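So the structure is just underneath, and the comments pick up after that.
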Amino acid sequence: MGVLNVTPDSFSDGGAFLEPQAAVAHAQRMVAAGAALVDVGGESTRPGAAAVAEAEELRRVLPVVEALAARVPVSIDTSKAGVARVAVAAGAVLVNDVTALRGDPAMAAVVAEAGVDVCLVHMRGEPRTMQDDPRYDDVVADVASFLEQRLAFAAGAGIAEERVWLDPGIGFGKTLEHNLELLRRLGEIVALGRPVVFGASRKRFLGTITGRAEDDRVAGTVAANVIAFERGAHMFRVHDVAATRDALAVAAATVP
Ligand code: HH2
C-alpha cells in the first residue's frame, strides 16, 4: 500500500503532493514500483495534527481519487463518512479509518452499503493527544482486544467480516517500547483471523532507534516491514514502495 498524503502537514511528505497533478504522478510512480494499492489521505494524523473540515478534505482528495480509481486500486484514508461516501462513489475500494469506525457514527453504514473493504486501526485517544504519556497493561493484549471488539462492531453494522483488515496502529498512542512489543508479538494480532495491515513507514520510533530524519528512514522502514512479514502481516503501508517491494520479494522467496 503506497502512501499518498494530499496534505500540507503530513509528517514526512507534507506539502509535496497538494497539487492533484503531482499527487497523480506520484501514485503512478508508486504503482510502477510495485504498489498494489494507493492510500489517498487528505488529513494528517501525525501526533498533534489539527483537524480538517470535511469540505477541505474532499477538495484535496476527490480530484486525485477520481483521476486514479479507473487505473489503480485506491483506498481512502479518512475517518469522515462524507469523505468516504464520495470517494467510494468515485471508485475507492477500501476505507482506511484510523478511528476504527468510532470517529463518525455514519461511517459503518457507508462501508456496509458500499460493500467495500475497511481497515480498522488501533489508536489510543485522538491524534491531538495520543502521544501524551500512553500506557497499557499489556499493549499487545489491549490492542488485540480492541481490534476484536471493533471487528464485532463492524460485523454488527452489516460489514462482511471478509471485508475487514486489522491494523495495530504503530505510532498511534504508543511509545517506542509499545511499538517494538507490537512488532515482536504481531502474531497475536494475526491470530485474530483477519489480514493485518502494518504501517511503520518512516515513523518516529525508527528515528529514535537510528537517529535519522523522516526522509532518511528507508532502511529502518524496510527492516520493520520484513519482520512484520515474517510475523504474518499481509499489507505494508509505506512511502518508499520500491525498496519495500524488493525486500518483501526476497523475504517472500524464502517461504517454502
Ligand atoms: N499511519 C498513518 C496514517 N494512516 N493508516 C493505517 N492503516 N495504518 C497506519 O499505520 C497509518 C495510517 C500516519 O502516517 P502518514 O500518512 O505518513 O502521515 P500523516 O498522518 O502525518 O499524514
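Chain identifiers are assigned as A, B, and so on, following the order in which chains appear in the C-alpha cells; residues are numbered from 1 within each chain, and ligands are numbered from 1 in order of appearance.
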At a cut-off of 9 Å and counting only C-alpha atoms and all ligand atoms, what residues surround ligand 1? Please answer as a PDB file with C-alpha atoms, in the first residue's frame.
```pdb
ATOM      1  CA  VAL A   3       1.061   6.342   0.930  1.00  0.00           C
ATOM      2  CA  LEU A   4      -0.250   9.411  -0.880  1.00  0.00           C
ATOM      3  CA  ASN A   5      -0.774  12.304   1.504  1.00  0.00           C
ATOM      4  CA  VAL A   6      -2.582  15.197  -0.186  1.00  0.00           C
ATOM      5  CA  THR A   7      -1.937  17.420   2.831  1.00  0.00           C
ATOM      6  CA  PRO A   8       0.203  20.440   3.715  1.00  0.00           C
ATOM      7  CA  ASP A   9       1.280  18.985   7.067  1.00  0.00           C
ATOM      8  CA  SER A  10       1.899  15.223   6.954  1.00  0.00           C
ATOM      9  CA  PHE A  11       4.942  14.314   8.989  1.00  0.00           C
ATOM     10  CA  SER A  12       7.221  13.118   6.216  1.00  0.00           C
ATOM     11  CA  ASP A  13       5.771  14.269   2.884  1.00  0.00           C
ATOM     12  CA  GLY A  14       3.514  17.181   3.872  1.00  0.00           C
ATOM     13  CA  ASP A  39      -3.835   5.093   0.027  1.00  0.00           C
ATOM     14  CA  VAL A  40      -5.072   8.650  -0.539  1.00  0.00           C
ATOM     15  CA  GLY A  41      -5.373  10.833   2.565  1.00  0.00           C
ATOM     16  CA  GLY A  42      -6.377  14.488   2.975  1.00  0.00           C
ATOM     17  CA  GLU A  43      -5.936  14.867   6.730  1.00  0.00           C
ATOM     18  CA  SER A  44      -2.713  14.341   8.655  1.00  0.00           C
ATOM     19  CA  THR A  45      -2.937  12.063  11.680  1.00  0.00           C
ATOM     20  CA  ARG A  46       0.553  12.851  12.941  1.00  0.00           C
ATOM     21  CA  PRO A  47       0.712  13.491  16.691  1.00  0.00           C
ATOM     22  CA  ALA A  49      -2.209  17.416  13.910  1.00  0.00           C
ATOM     23  CA  ASP A  77      -7.585   7.288   4.361  1.00  0.00           C
ATOM     24  CA  THR A  78     -10.342   9.103   6.234  1.00  0.00           C
ATOM     25  CA  ASN A  96      -8.819   3.137   5.795  1.00  0.00           C
ATOM     26  CA  ASP A  97     -10.242   4.508   9.044  1.00  0.00           C
ATOM     27  CA  VAL A  98      -7.682   5.211  11.783  1.00  0.00           C
ATOM     28  CA  CYS A 119      -9.206  -1.208   7.589  1.00  0.00           C
ATOM     29  CA  LEU A 120      -9.771  -0.874  11.348  1.00  0.00           C
ATOM     30  CA  VAL A 121      -6.814   0.764  13.080  1.00  0.00           C
ATOM     31  CA  HIS A 122      -5.998   0.820  16.781  1.00  0.00           C
ATOM     32  CA  PRO A 127      -4.210  12.441  17.084  1.00  0.00           C
ATOM     33  CA  TRP A 165      -8.476  -5.650   7.625  1.00  0.00           C
ATOM     34  CA  LEU A 166      -6.932  -5.051  11.060  1.00  0.00           C
ATOM     35  CA  ASP A 167      -4.053  -2.707  11.908  1.00  0.00           C
ATOM     36  CA  PRO A 168      -2.291  -2.388  15.294  1.00  0.00           C
ATOM     37  CA  GLY A 169      -1.718   1.334  14.641  1.00  0.00           C
ATOM     38  CA  ILE A 170       2.037   1.684  15.003  1.00  0.00           C
ATOM     39  CA  GLY A 171       2.760   5.131  16.482  1.00  0.00           C
ATOM     40  CA  PHE A 172      -0.878   5.885  17.316  1.00  0.00           C
ATOM     41  CA  VAL A 197      -2.025  -4.068   7.765  1.00  0.00           C
ATOM     42  CA  PHE A 198       1.277  -2.795   9.148  1.00  0.00           C
ATOM     43  CA  GLY A 199       2.123   0.913   9.000  1.00  0.00           C
ATOM     44  CA  ALA A 200       5.563   1.744  10.349  1.00  0.00           C
ATOM     45  CA  SER A 201       6.811   3.743   7.380  1.00  0.00           C
ATOM     46  CA  ARG A 202       9.288   6.481   8.377  1.00  0.00           C
ATOM     47  CA  LYS A 203       7.672   6.736  11.811  1.00  0.00           C
ATOM     48  CA  PHE A 236       2.503  -2.900   4.273  1.00  0.00           C
ATOM     49  CA  ARG A 237       1.664   0.804   4.230  1.00  0.00           C
ATOM     50  CA  VAL A 238       4.790   2.618   3.018  1.00  0.00           C
ATOM     51  CA  HIS A 239       6.103   5.795   1.425  1.00  0.00           C
TER      52      HIS A 239
END
```
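Secondary structure of range 115-175 of chain A, strand (DSSP E or B) only (DSSP, backbone atoms): Asp117, Val118, Cys119, Leu120, Val121, Val164, Trp165, Leu166 and Asp167 of chain A.
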Deliver the residues from the most recent selection as a file, using C-alpha atoms, as a PDB file, in the first residue's frame.
```pdb
ATOM      1  CA  ASP A 117     -13.195  -3.253   2.309  1.00  0.00           C
ATOM      2  CA  VAL A 118     -12.388  -1.437   5.531  1.00  0.00           C
ATOM      3  CA  CYS A 119      -9.206  -1.208   7.589  1.00  0.00           C
ATOM      4  CA  LEU A 120      -9.771  -0.874  11.348  1.00  0.00           C
ATOM      5  CA  VAL A 121      -6.814   0.764  13.080  1.00  0.00           C
ATOM      6  CA  VAL A 164     -12.223  -6.271   7.262  1.00  0.00           C
ATOM      7  CA  TRP A 165      -8.476  -5.650   7.625  1.00  0.00           C
ATOM      8  CA  LEU A 166      -6.932  -5.051  11.060  1.00  0.00           C
ATOM      9  CA  ASP A 167      -4.053  -2.707  11.908  1.00  0.00           C
TER      10      ASP A 167
END
```
Of the listed residues A:Ile209, A:Val65, A:Val116, A:Ala53, that which approaches Ala160 in chain A most closely, counting only C-alpha atoms: A:Val116
Residue contacts of range 26-36 of chain A (10 Å, only C-alpha atoms) excluding same-chain residues fewer than 2 positions away, as a PyMOL selection string: chain A and resi 1-4+16-17+20-24+38-40+64+68+71-74+235-246
Selection export as a short mmCIF file (atom, residue, chain, number, x, y, z; two decimals), in the first residue's frame, atoms kept: N, CA, C and O atoms:
```cif
data_model
loop_
_atom_site.label_atom_id
_atom_site.label_comp_id
_atom_site.auth_asym_id
_atom_site.auth_seq_id
_atom_site.Cartn_x
_atom_site.Cartn_y
_atom_site.Cartn_z
N MET A 1 0.86 -1.18 0.00
CA MET A 1 0.00 0.00 0.00
C MET A 1 0.90 1.24 0.00
O MET A 1 1.65 1.46 0.95
N GLY A 2 0.83 2.01 -1.09
CA GLY A 2 1.66 3.22 -1.17
C GLY A 2 0.93 4.39 -0.54
O GLY A 2 -0.27 4.57 -0.75
N VAL A 3 1.65 5.20 0.22
CA VAL A 3 1.06 6.34 0.93
C VAL A 3 1.04 7.56 0.01
O VAL A 3 2.07 7.94 -0.55
N LEU A 4 -0.14 8.17 -0.11
CA LEU A 4 -0.25 9.41 -0.88
C LEU A 4 -0.98 10.44 -0.02
O LEU A 4 -2.20 10.45 0.06
N ALA A 16 4.12 17.99 -0.38
CA ALA A 16 4.77 17.56 -1.62
C ALA A 16 3.77 17.23 -2.71
O ALA A 16 4.07 17.35 -3.90
N PHE A 17 2.55 16.79 -2.32
CA PHE A 17 1.59 16.31 -3.32
C PHE A 17 0.23 16.99 -3.21
O PHE A 17 -0.80 16.40 -3.47
N PRO A 20 -3.09 18.26 -7.49
CA PRO A 20 -3.56 16.97 -8.00
C PRO A 20 -2.61 16.32 -9.01
O PRO A 20 -2.38 15.12 -8.96
N GLN A 21 -2.04 17.14 -9.88
CA GLN A 21 -1.16 16.55 -10.90
C GLN A 21 0.06 15.88 -10.28
O GLN A 21 0.48 14.80 -10.69
N ALA A 22 0.63 16.54 -9.25
CA ALA A 22 1.80 15.97 -8.58
C ALA A 22 1.40 14.70 -7.83
O ALA A 22 2.14 13.70 -7.80
N ALA A 23 0.20 14.71 -7.24
CA ALA A 23 -0.27 13.55 -6.49
C ALA A 23 -0.47 12.35 -7.42
O ALA A 23 -0.04 11.23 -7.12
N VAL A 24 -1.12 12.61 -8.56
CA VAL A 24 -1.40 11.51 -9.50
C VAL A 24 -0.08 10.95 -10.05
O VAL A 24 0.10 9.73 -10.15
N VAL A 38 -3.10 2.33 -3.67
CA VAL A 38 -2.61 3.66 -3.29
C VAL A 38 -3.57 4.24 -2.26
O VAL A 38 -4.78 4.32 -2.50
N ASP A 39 -3.03 4.62 -1.10
CA ASP A 39 -3.83 5.09 0.03
C ASP A 39 -3.84 6.62 0.02
O ASP A 39 -2.85 7.25 0.37
N VAL A 40 -4.98 7.20 -0.39
CA VAL A 40 -5.07 8.65 -0.54
C VAL A 40 -5.65 9.26 0.73
O VAL A 40 -6.73 8.89 1.17
N VAL A 64 -7.99 13.60 -6.92
CA VAL A 64 -6.94 12.57 -7.01
C VAL A 64 -7.59 11.19 -7.11
O VAL A 64 -7.20 10.36 -7.94
N LEU A 68 -7.38 8.62 -10.32
CA LEU A 68 -6.65 7.36 -10.17
C LEU A 68 -7.52 6.12 -10.25
O LEU A 68 -7.07 5.07 -10.74
N ARG A 71 -7.74 3.55 -12.91
CA ARG A 71 -6.49 2.94 -13.36
C ARG A 71 -5.82 2.05 -12.33
O ARG A 71 -5.20 1.06 -12.65
N VAL A 72 -5.93 2.44 -11.04
CA VAL A 72 -5.26 1.66 -9.98
C VAL A 72 -6.21 1.51 -8.78
O VAL A 72 -7.06 2.36 -8.56
N PRO A 73 -6.04 0.41 -8.01
CA PRO A 73 -6.86 0.29 -6.81
C PRO A 73 -6.50 1.40 -5.81
O PRO A 73 -5.32 1.66 -5.56
N VAL A 74 -7.54 2.05 -5.31
CA VAL A 74 -7.34 3.20 -4.41
C VAL A 74 -8.02 2.92 -3.08
O VAL A 74 -9.13 2.41 -3.04
N MET A 235 -0.37 -6.67 4.58
CA MET A 235 -0.27 -5.44 3.77
C MET A 235 0.65 -4.47 4.49
O MET A 235 0.62 -4.38 5.72
N PHE A 236 1.44 -3.73 3.71
CA PHE A 236 2.50 -2.90 4.27
C PHE A 236 2.31 -1.49 3.74
O PHE A 236 2.45 -1.25 2.54
N ARG A 237 1.96 -0.57 4.64
CA ARG A 237 1.66 0.80 4.23
C ARG A 237 2.96 1.60 4.27
O ARG A 237 3.49 1.85 5.34
N VAL A 238 3.46 1.99 3.08
CA VAL A 238 4.79 2.62 3.02
C VAL A 238 4.86 3.79 2.05
O VAL A 238 4.12 3.86 1.07
N HIS A 239 5.79 4.71 2.35
CA HIS A 239 6.10 5.80 1.43
C HIS A 239 7.11 5.31 0.37
O HIS A 239 7.06 5.76 -0.77
N ASP A 240 8.01 4.43 0.78
CA ASP A 240 9.12 4.01 -0.09
C ASP A 240 8.80 2.64 -0.69
O ASP A 240 9.21 1.60 -0.17
N VAL A 241 8.06 2.68 -1.80
CA VAL A 241 7.49 1.44 -2.31
C VAL A 241 8.57 0.53 -2.90
O VAL A 241 8.59 -0.67 -2.63
N ALA A 242 9.47 1.07 -3.72
CA ALA A 242 10.41 0.21 -4.44
C ALA A 242 11.29 -0.59 -3.47
O ALA A 242 11.44 -1.81 -3.61
N ALA A 243 11.84 0.09 -2.48
CA ALA A 243 12.73 -0.60 -1.53
C ALA A 243 11.97 -1.65 -0.73
O ALA A 243 12.45 -2.77 -0.52
N THR A 244 10.75 -1.30 -0.31
CA THR A 244 9.96 -2.25 0.49
C THR A 244 9.57 -3.44 -0.36
O THR A 244 9.62 -4.60 0.08
N ARG A 245 9.16 -3.15 -1.59
CA ARG A 245 8.73 -4.21 -2.51
C ARG A 245 9.89 -5.22 -2.74
O ARG A 245 9.68 -6.43 -2.67
N ASP A 246 11.09 -4.73 -2.97
CA ASP A 246 12.23 -5.62 -3.20
C ASP A 246 12.50 -6.46 -1.96
O ASP A 246 12.72 -7.68 -2.04
#
```
Atomic distance CA of His178 in chain A - CA of Ala228 in chain A, expressed in Å with one decimal: 14.7 Å
Residues near Gly125 in chain A, cut-off 10 Å, only C-alpha atoms, skip fewer than 5 positions along chain, as an MDAnalysis selection string: chainID A and resid 99 130:132 134 172:173
All helix (DSSP H, G or I) positions in range 114-184 of chain A, as a ChimeraX atom specification: /A:114,139-156,161-163,176-184
Nearest to Arg194 in chain A by atom-to-atom distance, counting only C-alpha atoms, from A:Ala157, A:Gly211, A:Val255, A:Ala233: A:Ala233
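Counting from CA of Leu176 in chain A, the distance to CA of Ile227 in chain A is 16.0 Å.
You will find CA of Leu186 in chain A at 7.4 Å from CA of Gly232 in chain A.
Here the question is which of A:Ser145, A:Thr129, A:Thr254, A:Ser75 gets nearest to Glu188 in chain A using only C-alpha atoms, and that residue is A:Ser145.
Proximity of A:Phe153, A:Ala252, A:Ala50, A:Thr210 to Glu126 in chain A, computed with only C-alpha atoms, is greatest for A:Ala50.
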Residue neighbourhood Arg185 in chain A, 9 Å, only C-alpha atoms, exclusion window fewer than 4 positions, as a PyMOL selection string: chain A and resi 140+180-181+189+231
